[in-house]
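To be precise, the following lines are work-v3.cif, and they hold mmCIF, C-alpha atoms and all ligand atoms.
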```cif
data_entry
loop_
_atom_site.label_atom_id
_atom_site.label_comp_id
_atom_site.auth_asym_id
_atom_site.auth_seq_id
_atom_site.Cartn_x
_atom_site.Cartn_y
_atom_site.Cartn_z
CA MET A 1 75.84 125.62 137.08
CA PRO A 2 78.98 124.45 135.28
CA PRO A 3 78.93 120.75 134.33
CA PHE A 4 81.86 120.07 136.65
CA THR A 5 84.58 121.93 138.47
CA THR A 6 86.11 125.14 137.08
CA ASP A 7 89.22 124.59 139.22
CA GLY A 8 92.04 123.38 136.98
CA THR A 9 93.93 121.98 139.96
CA ALA A 10 90.94 119.85 141.03
CA LEU A 11 90.20 118.20 137.68
CA GLY A 12 92.32 115.11 138.28
CA ALA A 13 90.58 114.21 141.51
CA SER A 14 87.17 114.75 140.01
CA ALA A 15 88.01 112.76 136.82
CA ARG A 16 88.98 109.74 138.89
CA ALA A 17 85.34 108.76 139.46
CA HIS A 18 84.79 108.57 135.69
CA LEU A 19 87.67 106.25 134.85
CA ASP A 20 88.70 102.71 135.63
CA ALA A 21 91.83 102.40 137.74
CA GLY A 22 94.06 101.44 134.82
CA ALA A 23 93.07 104.38 132.63
CA PHE A 24 93.24 106.84 135.51
CA GLY A 25 96.70 105.55 136.47
CA TYR A 26 97.93 105.91 132.90
CA LEU A 27 96.58 109.44 132.59
CA ALA A 28 97.42 110.89 135.98
CA GLY A 29 100.55 108.86 136.61
CA SER A 30 104.16 109.79 136.09
CA ALA A 31 107.62 108.26 136.18
CA GLY A 32 109.16 106.61 139.22
CA SER A 33 108.51 108.30 142.53
CA GLY A 34 106.61 111.17 140.90
CA ALA A 35 109.34 113.64 141.94
CA THR A 36 109.41 115.47 138.62
CA HIS A 37 105.65 115.61 138.37
CA ARG A 38 105.57 117.27 141.81
CA ALA A 39 108.51 119.52 140.90
CA ASN A 40 106.58 120.80 137.88
CA ARG A 41 103.80 122.04 140.12
CA GLU A 42 106.15 123.29 142.85
CA ALA A 43 107.99 125.44 140.33
CA PHE A 44 104.76 127.28 139.58
CA GLU A 45 104.21 127.69 143.33
CA CYS A 46 107.69 129.22 143.65
CA HIS A 47 106.93 131.92 141.11
CA ARG A 48 104.36 134.60 141.97
CA LEU A 49 102.93 137.33 139.78
CA ILE A 50 103.41 141.00 140.69
CA PRO A 51 100.19 142.72 139.54
CA ARG A 52 100.29 146.26 138.13
CA MET A 53 97.50 148.83 138.70
CA LEU A 54 95.77 151.56 136.66
CA THR A 55 96.93 150.18 133.33
CA ASP A 56 93.58 150.42 131.54
CA ALA A 57 93.40 146.66 131.07
CA THR A 58 89.62 146.55 130.61
CA HIS A 59 89.96 145.23 127.05
CA ARG A 60 92.37 142.39 126.52
CA ASP A 61 93.59 140.78 123.33
CA LEU A 62 94.95 137.27 123.80
CA ARG A 63 95.65 136.59 120.16
CA THR A 64 99.08 135.56 119.03
CA THR A 65 100.90 133.83 116.19
CA VAL A 66 103.13 130.83 116.78
CA LEU A 67 105.33 129.59 113.95
CA GLY A 68 103.00 131.24 111.47
CA THR A 69 99.89 129.72 113.04
CA PRO A 70 97.41 132.39 114.22
CA MET A 71 95.93 131.49 117.58
CA PRO A 72 93.11 133.04 119.64
CA ALA A 73 95.29 132.65 122.75
CA PRO A 74 98.82 131.39 123.44
CA VAL A 75 97.46 127.95 124.33
CA LEU A 76 97.63 124.67 122.40
CA LEU A 77 96.46 121.18 123.17
CA ALA A 78 99.46 118.96 123.90
CA PRO A 79 99.68 115.62 122.10
CA LEU A 80 98.17 112.90 124.27
CA GLY A 81 98.07 109.35 122.93
CA VAL A 82 95.48 106.61 123.41
CA GLN A 83 92.60 108.95 124.28
CA SER A 84 90.07 106.16 123.72
CA ILE A 85 91.05 104.78 127.13
CA VAL A 86 89.52 107.96 128.54
CA HIS A 87 86.44 108.21 126.30
CA PRO A 88 85.37 106.17 123.24
CA ASP A 89 85.34 109.29 121.04
CA GLY A 90 88.90 110.05 122.16
CA GLU A 91 90.84 112.31 119.81
CA LEU A 92 87.72 112.95 117.68
CA ALA A 93 86.02 114.64 120.63
CA THR A 94 89.18 116.55 121.48
CA ALA A 95 89.57 117.74 117.89
CA ARG A 96 85.96 118.95 117.69
CA ALA A 97 86.24 120.78 121.00
CA ALA A 98 89.57 122.42 120.19
CA ALA A 99 88.48 123.54 116.74
CA SER A 100 85.16 124.88 118.05
CA LEU A 101 87.25 127.30 120.13
CA GLY A 102 89.75 128.07 117.37
CA LEU A 103 92.54 126.39 119.35
CA THR A 104 95.36 124.42 117.77
CA MET A 105 95.46 120.74 118.65
CA THR A 106 98.51 118.55 118.36
CA LEU A 107 97.64 115.01 117.33
CA SER A 108 99.80 112.23 118.75
CA THR A 109 101.27 109.42 116.66
CA ALA A 110 99.73 107.19 119.35
CA SER A 111 96.22 108.34 118.48
CA SER A 112 93.35 105.90 118.86
CA HIS A 113 91.80 107.22 115.64
CA THR A 114 93.44 107.66 112.25
CA LEU A 115 94.91 111.06 111.50
CA GLU A 116 92.49 111.43 108.57
CA HIS A 117 89.44 110.83 110.80
CA VAL A 118 90.74 113.28 113.37
CA ALA A 119 91.27 115.85 110.61
CA GLU A 120 87.62 115.42 109.55
CA ALA A 121 86.42 115.84 113.13
CA HIS A 122 88.62 118.90 113.46
CA ASP A 123 87.07 120.44 110.34
CA GLU A 124 83.60 119.67 111.72
CA GLY A 125 84.51 121.37 114.98
CA ALA A 126 85.85 124.42 113.15
CA ALA A 127 82.51 124.74 111.37
CA THR A 128 80.80 125.06 114.75
CA HIS A 129 83.18 127.77 115.91
CA ASP A 130 80.76 129.71 118.06
CA GLU A 131 80.04 132.80 120.10
CA GLY A 132 81.75 131.41 123.17
CA ALA A 133 84.90 131.30 121.15
CA ALA A 134 84.34 134.58 119.40
CA ALA A 135 85.19 136.52 122.53
CA HIS A 136 88.68 135.08 122.30
CA ASP A 137 88.91 134.99 118.57
CA GLU A 138 87.84 138.29 117.11
CA GLY A 139 90.21 138.04 114.19
CA GLY A 140 88.55 134.81 113.15
CA ALA A 141 91.74 132.77 113.22
CA GLY A 142 90.65 129.33 112.02
CA ALA A 143 91.84 126.44 114.12
CA SER A 144 94.98 124.70 112.91
CA ARG A 145 96.14 121.18 113.57
CA TRP A 146 99.69 120.08 114.25
CA PHE A 147 101.06 116.54 114.15
CA GLN A 148 103.33 114.98 116.78
CA LEU A 149 105.76 112.31 115.68
CA TYR A 150 107.06 109.37 117.62
CA TRP A 151 109.89 108.76 115.21
CA PRO A 152 109.64 105.21 113.80
CA ASN A 153 112.97 103.57 113.01
CA ASP A 154 111.64 102.42 109.63
CA ASP A 155 112.24 105.33 107.24
CA GLU A 156 109.59 104.25 104.76
CA VAL A 157 106.90 104.04 107.42
CA CYS A 158 108.01 107.36 108.84
CA ALA A 159 107.91 109.11 105.46
CA SER A 160 104.54 107.57 104.69
CA ILE A 161 102.99 108.79 107.96
CA LEU A 162 104.45 112.28 107.45
CA GLY A 163 103.09 112.43 103.92
CA ARG A 164 99.62 111.46 105.14
CA ALA A 165 99.76 114.09 107.87
CA ARG A 166 100.68 116.83 105.39
CA ARG A 167 97.93 115.78 102.99
CA ALA A 168 95.40 115.76 105.83
CA GLY A 169 96.19 119.39 106.62
CA TYR A 170 98.49 119.15 109.63
CA THR A 171 100.71 122.20 109.31
CA THR A 172 103.48 121.87 111.91
CA LEU A 173 105.48 118.81 112.94
CA VAL A 174 106.25 118.31 116.63
CA VAL A 175 108.95 115.68 117.10
CA THR A 176 108.95 114.22 120.60
CA LEU A 177 112.48 113.33 121.65
CA ASP A 178 112.07 112.36 125.30
CA THR A 179 110.02 109.18 124.85
CA TRP A 180 112.06 106.94 122.59
CA THR A 181 111.23 104.32 125.15
CA LEU A 182 108.72 104.33 128.00
CA ALA A 183 109.95 105.19 131.46
CA TRP A 184 109.59 103.17 134.64
CA ARG A 185 105.98 103.99 135.55
CA PRO A 186 104.94 102.05 138.65
CA GLN A 187 101.23 102.89 138.36
CA ASP A 188 101.12 101.14 134.99
CA LEU A 189 103.60 98.38 135.81
CA ASP A 190 101.72 97.38 138.95
CA ARG A 191 98.60 96.76 136.86
CA ALA A 192 100.46 95.48 133.78
CA TYR A 193 98.66 98.32 131.99
CA LEU A 194 100.03 99.13 128.55
CA PRO A 195 97.37 99.99 125.96
CA PHE A 196 99.71 99.60 122.98
CA ILE A 197 100.19 95.88 123.48
CA ARG A 198 96.42 95.46 123.14
CA GLY A 199 96.49 97.43 119.89
CA VAL A 200 95.06 100.61 121.46
CA GLY A 201 96.67 103.84 120.25
CA THR A 202 97.88 102.23 117.04
CA ALA A 203 95.32 103.54 114.53
CA ILE A 204 97.86 105.63 112.61
CA PRO A 205 100.44 102.91 111.85
CA PHE A 206 97.81 100.20 111.44
CA SER A 207 96.10 102.25 108.72
CA ASP A 208 99.39 103.09 107.04
CA PRO A 209 100.09 101.44 103.67
CA ALA A 210 103.87 101.30 104.21
CA PHE A 211 103.43 99.73 107.64
CA ARG A 212 100.85 97.24 106.41
CA ALA A 213 103.06 96.27 103.48
CA GLY A 214 105.56 94.87 105.98
CA LEU A 215 103.03 92.51 107.59
CA ALA A 216 102.25 88.95 106.49
CA LYS A 217 98.60 89.49 107.53
CA PRO A 218 96.78 92.79 108.13
CA PRO A 219 96.30 93.94 111.76
CA GLU A 220 92.59 93.07 111.54
CA GLU A 221 93.59 89.41 111.06
CA ASP A 222 96.68 89.19 113.23
CA LEU A 223 96.71 91.89 115.86
CA GLY A 224 99.58 90.33 117.79
CA ALA A 225 101.98 90.37 114.85
CA ALA A 226 101.10 93.99 114.03
CA VAL A 227 101.70 95.05 117.62
CA LEU A 228 105.00 93.18 117.67
CA ARG A 229 106.09 95.04 114.56
CA TRP A 230 104.95 98.49 115.68
CA VAL A 231 105.98 98.63 119.34
CA PRO A 232 109.71 98.03 118.70
CA MET A 233 109.51 100.40 115.72
CA PHE A 234 108.62 103.40 117.86
CA THR A 235 110.16 102.47 121.19
CA GLY A 236 113.77 101.65 121.80
CA THR A 237 114.69 103.86 118.88
CA ASP A 238 116.80 106.74 120.14
CA ARG A 239 118.05 108.89 117.29
CA SER A 240 120.86 111.40 116.94
CA TRP A 241 121.03 115.03 115.87
CA ASP A 242 122.49 114.17 112.49
CA ARG A 243 119.23 112.38 111.53
CA LEU A 244 117.11 115.55 111.66
CA PRO A 245 117.66 116.43 107.96
CA PHE A 246 115.63 113.30 107.13
CA LEU A 247 112.60 114.90 108.76
CA ARG A 248 113.24 118.17 106.96
CA ARG A 249 113.27 116.34 103.64
CA HIS A 250 109.88 114.81 104.40
CA TRP A 251 108.13 117.80 105.99
CA ASP A 252 107.79 121.15 104.28
CA GLY A 253 106.28 123.04 107.24
CA PRO A 254 107.75 124.20 110.56
CA ILE A 255 109.42 121.55 112.75
CA VAL A 256 109.43 121.75 116.55
CA LEU A 257 111.48 119.56 118.90
CA LYS A 258 109.56 118.57 122.03
CA GLY A 259 111.22 117.51 125.24
CA ILE A 260 114.13 119.97 125.39
CA GLN A 261 115.41 120.79 128.90
CA HIS A 262 119.13 121.61 128.56
CA PRO A 263 120.22 124.96 127.05
CA ASP A 264 122.86 123.16 124.98
CA ASP A 265 120.12 121.06 123.40
CA ALA A 266 118.17 124.24 122.70
CA ARG A 267 121.24 125.61 120.91
CA ARG A 268 121.64 122.36 118.99
CA ALA A 269 118.05 122.65 117.82
CA ALA A 270 118.85 126.10 116.46
CA ASP A 271 122.06 124.82 114.82
CA ALA A 272 120.07 122.02 113.22
CA GLY A 273 117.77 124.60 111.63
CA MET A 274 114.69 123.69 113.67
CA ASP A 275 111.89 126.25 113.88
CA GLY A 276 110.87 125.78 117.49
CA ILE A 277 111.26 123.79 120.68
CA VAL A 278 108.90 122.73 123.42
CA VAL A 279 110.56 122.95 126.81
CA SER A 280 108.90 119.91 128.34
CA ASN A 281 109.60 116.96 130.58
CA HIS A 282 106.53 115.11 129.31
CA GLY A 283 104.55 116.07 132.38
CA GLY A 284 107.04 114.26 134.62
CA ARG A 285 106.36 110.95 132.90
CA GLN A 286 109.85 110.15 131.63
CA VAL A 287 112.91 111.03 133.75
CA ASP A 288 112.05 110.71 137.42
CA GLY A 289 114.18 113.22 139.27
CA ALA A 290 114.47 115.56 136.29
CA MET A 291 114.23 119.27 137.02
CA ALA A 292 110.93 121.12 136.80
CA SER A 293 110.17 122.13 133.26
CA LEU A 294 109.41 125.72 134.33
CA ASP A 295 112.89 125.94 135.87
CA ALA A 296 114.43 124.81 132.58
CA LEU A 297 112.59 127.50 130.62
CA PRO A 298 114.66 130.66 131.29
CA SER A 299 117.99 129.18 130.22
CA ALA A 300 116.45 127.68 127.08
CA VAL A 301 114.97 131.08 126.23
CA ARG A 302 118.36 132.76 126.80
CA ALA A 303 120.13 130.14 124.68
CA LEU A 304 117.84 130.90 121.75
CA GLU A 305 117.85 134.69 121.98
CA GLY A 306 118.29 136.22 118.55
CA THR A 307 118.01 132.90 116.70
CA GLY A 308 114.35 133.23 115.69
CA VAL A 309 113.66 129.76 117.10
CA GLU A 310 110.35 129.93 118.98
CA VAL A 311 110.10 128.52 122.49
CA LEU A 312 106.96 126.76 123.65
CA PHE A 313 106.42 125.27 127.07
CA ASP A 314 104.55 122.45 128.77
CA SER A 315 104.42 120.35 131.93
CA GLY A 316 102.31 121.36 134.87
CA ILE A 317 100.01 124.05 133.42
CA ARG A 318 96.72 123.97 135.34
CA THR A 319 95.54 127.60 135.64
CA GLY A 320 95.56 130.95 133.90
CA ALA A 321 98.22 132.17 136.32
CA ASP A 322 100.45 129.23 135.37
CA ILE A 323 100.21 130.30 131.73
CA LEU A 324 101.13 133.89 132.62
CA LYS A 325 104.18 132.69 134.55
CA ALA A 326 105.44 130.62 131.62
CA LEU A 327 104.86 133.53 129.24
CA ALA A 328 106.65 135.92 131.61
CA LEU A 329 109.64 133.57 131.60
CA GLY A 330 109.79 133.79 127.82
CA ALA A 331 107.50 131.09 126.40
CA ARG A 332 105.65 132.15 123.29
CA ALA A 333 102.78 129.76 124.06
CA VAL A 334 102.00 126.81 126.28
CA LEU A 335 100.67 123.31 125.70
CA VAL A 336 98.18 121.84 128.09
CA GLY A 337 98.10 118.08 128.65
CA ARG A 338 96.25 116.20 131.37
CA PRO A 339 93.62 118.89 132.13
CA TYR A 340 91.78 118.52 128.84
CA ALA A 341 91.94 114.72 129.09
CA TYR A 342 90.30 115.02 132.50
CA GLY A 343 87.58 117.02 130.74
CA LEU A 344 87.29 114.25 128.15
CA ALA A 345 86.75 111.77 130.98
CA HIS A 346 83.94 113.91 132.42
CA GLY A 347 81.98 114.43 129.26
CA GLY A 348 83.67 113.79 125.92
CA GLN A 349 83.70 116.78 123.60
CA ASP A 350 81.66 118.98 125.96
CA GLY A 351 83.97 118.11 128.82
CA VAL A 352 87.05 119.13 126.83
CA ARG A 353 85.33 122.37 125.84
CA HIS A 354 84.44 123.14 129.44
CA VAL A 355 88.04 122.70 130.57
CA LEU A 356 89.46 124.78 127.72
CA ARG A 357 86.90 127.58 128.05
CA SER A 358 87.52 127.72 131.80
CA LEU A 359 91.26 127.92 131.25
CA LEU A 360 90.92 130.67 128.63
CA ALA A 361 88.57 132.68 130.82
CA ASP A 362 90.88 132.31 133.82
CA LEU A 363 93.82 133.38 131.64
CA ASP A 364 91.94 136.40 130.33
CA LEU A 365 90.84 137.57 133.80
CA THR A 366 94.18 136.99 135.45
CA LEU A 367 96.01 138.76 132.63
CA GLY A 368 93.76 141.80 133.01
CA LEU A 369 93.84 141.85 136.79
CA SER A 370 97.64 141.65 136.65
CA GLY A 371 97.50 144.87 134.66
CA HIS A 372 98.20 143.59 131.14
CA ARG A 373 96.28 143.79 127.91
CA THR A 374 98.27 141.35 125.80
CA PRO A 375 100.34 138.27 126.60
CA GLY A 376 103.34 139.88 124.91
CA GLU A 377 103.59 142.54 127.63
CA LEU A 378 104.74 140.05 130.26
CA SER A 379 108.39 139.84 131.25
CA PRO A 380 110.45 138.22 134.04
CA GLU A 381 110.04 141.50 135.98
CA ASP A 382 106.39 140.64 136.48
CA LEU A 383 107.43 137.67 138.61
CA HIS A 384 108.64 137.29 142.18
CA ARG A 385 110.57 134.12 142.91
CA ARG A 386 110.12 132.87 146.44
C1 LIG B 401 101.28 112.44 127.18
N1 LIG B 401 102.27 113.14 126.49
C2 LIG B 401 102.55 112.80 125.19
N2 LIG B 401 103.47 113.51 124.48
C3 LIG B 401 103.71 113.22 123.19
O1 LIG B 401 104.53 113.89 122.58
N3 LIG B 401 103.04 112.20 122.57
C4 LIG B 401 102.12 111.44 123.21
O2 LIG B 401 101.52 110.53 122.64
C5 LIG B 401 101.87 111.73 124.58
N4 LIG B 401 100.97 110.99 125.27
C6 LIG B 401 100.63 111.35 126.55
C7 LIG B 401 99.63 110.65 127.21
C8 LIG B 401 99.23 111.04 128.48
C9 LIG B 401 98.14 110.30 129.16
C10 LIG B 401 99.87 112.15 129.10
C11 LIG B 401 99.44 112.64 130.45
C12 LIG B 401 100.88 112.82 128.46
C13 LIG B 401 102.93 114.31 127.11
C14 LIG B 401 102.15 115.59 126.80
O3 LIG B 401 102.22 115.93 125.46
C15 LIG B 401 102.67 116.77 127.61
O4 LIG B 401 104.06 116.92 127.44
C16 LIG B 401 102.35 116.65 129.10
O5 LIG B 401 101.09 116.07 129.30
C17 LIG B 401 102.40 118.03 129.73
O6 LIG B 401 102.21 117.97 131.09
P1 LIG B 401 100.78 118.19 131.82
O7 LIG B 401 100.11 119.39 131.15
O8 LIG B 401 100.01 116.94 131.63
O9 LIG B 401 101.19 118.45 133.21
#
```

What do you get writing this file as structure tokens?
Ligand code: FNR
Amino acid sequence: MPPFTTDGTALGASARAHLDAGAFGYLAGSAGSGATHRANREAFECHRLIPRMLTDATHRDLRTTVLGTPMPAPVLLAPLGVQSIVHPDGELATARAAASLGLTMTLSTASSHTLEHVAEAHDEGAATHDEGAAAHDEGGAGASRWFQLYWPNDDEVCASILGRARRAGYTTLVVTLDTWTLAWRPQDLDRAYLPFIRGVGTAIPFSDPAFRAGLAKPPEEDLGAAVLRWVPMFTGTDRSWDRLPFLRRHWDGPIVLKGIQHPDDARRAADAGMDGIVVSNHGGRQVDGAMASLDALPSAVRALEGTGVEVLFDSGIRTGADILKALALGARAVLVGRPYAYGLAHGGQDGVRHVLRSLLADLDLTLGLSGHRTPGELSPEDLHRR
């Protein structure tokens, strides 16, 4: 018997029993009326696969390379902050589980553990890379880690955090643009639930020498003052396109912009010399009433044709079929968010592994049964839009 459900669309409901109301609301919730969150799922419902027959799809190969990172499947773990509200091991458990499967994890700036500790856990997980993973990872692609930046408005703190991330082996920088301040989220507001003001999800800045240098007393002695310095530093700080060269100067690996929805912004990312984008609406957590992320994908892909900028996708992925649909619409890979956190709620590291293994197995089967051997074979012609 599996430890809990194998149905990616049922994970939220089953995780609810394992979480207090505040944590569940933060994890499952979205902006405003929830319209965009629903739209994300509806967009997947509106697209249907057209399976092909007699294609000799008995043996599949899910491997791919994204921005130079070899991956056992076109699936990454999306950056999710404050994972300790879901499970005390938080990002450490997630890192071990991801690496044990050879999957790339993206660590959030809002991590509950320091980026160095998560890197250690990730290395430990990679060392346990096992037979379950081997089926998806015949080439032996070691797991990579990427780092997601909430861009602090203090350049010294920003540069210091980026330097630490590079030294700790994070290879690709994912810059999240859509959350320069938190949206109107009634589930959290109604409970006055905001982990950051209690100093949860602040391990990275609070362990940062440049950040600490700006405090009269260290966070361990005056938590309130540290919170009051950090929260305004990473929220309320919208930036502009002409500031991107700063990040390039402080990061010598690929840079990906996360939160792109408009094709003009996709083009601007290319003009700015970025290496990739994530078409994402933050899982419907930021602009209530924004279009479904899947519906934004085709025009972003078209806008970047021939530029070499790689297009990733997230927001609403729950099943293998969802992944195939995003790939067919031109995504090179997808990021999965809430589902693995629901796994974390069920059982820490093992729970995350169960969710990820289920998703990979579903992807593999559905790819084969749709008549394909590799993710790269999919095209918009494999989809019917209702
Ligand atoms: C997020 N997301 C997010 N994104 C980011 O860039 N940095 C972060 O710290 C967080 N934190 C975060 C916390 C929680 C609880 C959720 C649910 C989401 C957004 C995340 O990376 C991703 O864009 C969405 O989760 C994708 O949508 P699904 O897969 O959850 O539908």

For this session: Please extract the residues at most 6 Å from ligand LIG 401 (chain B), counting all atoms listed in the file, and provide them as an MDAnalysis selection string, using the chain letters and residue numbers of this document.
Result: chainID A and resid 26:27 78:81 108 110 176 280 282:283 314:317 336:338

Seminar exercise, completed: In Å and to one decimal, CA of Glu310 (chain A) is distant from CA of His250 (chain A) by 21.0 Å

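For the choices A:Leu247, A:Ala345, A:Leu297, A:Ala97, the atom-to-atom distance to His18 (chain A) is smallest for A:Ala345 when using all atoms listed in the file.
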
Exercise. With only C-alpha atoms as the basis for distance, which of A:Val355, A:Leu189, A:Leu329, A:Ile85 is at the shortest distance from Ala23 (chain A)?
Worked result: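 Ranking A:Val355, A:Leu189, A:Leu329, A:Ile85 by distance to Ala23 (chain A), first place goes to A:Ile85.
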
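Distance-wise, CA of Thr9 (chain A) and CA of Gly29 (chain A) end up 15.1 Å apart.
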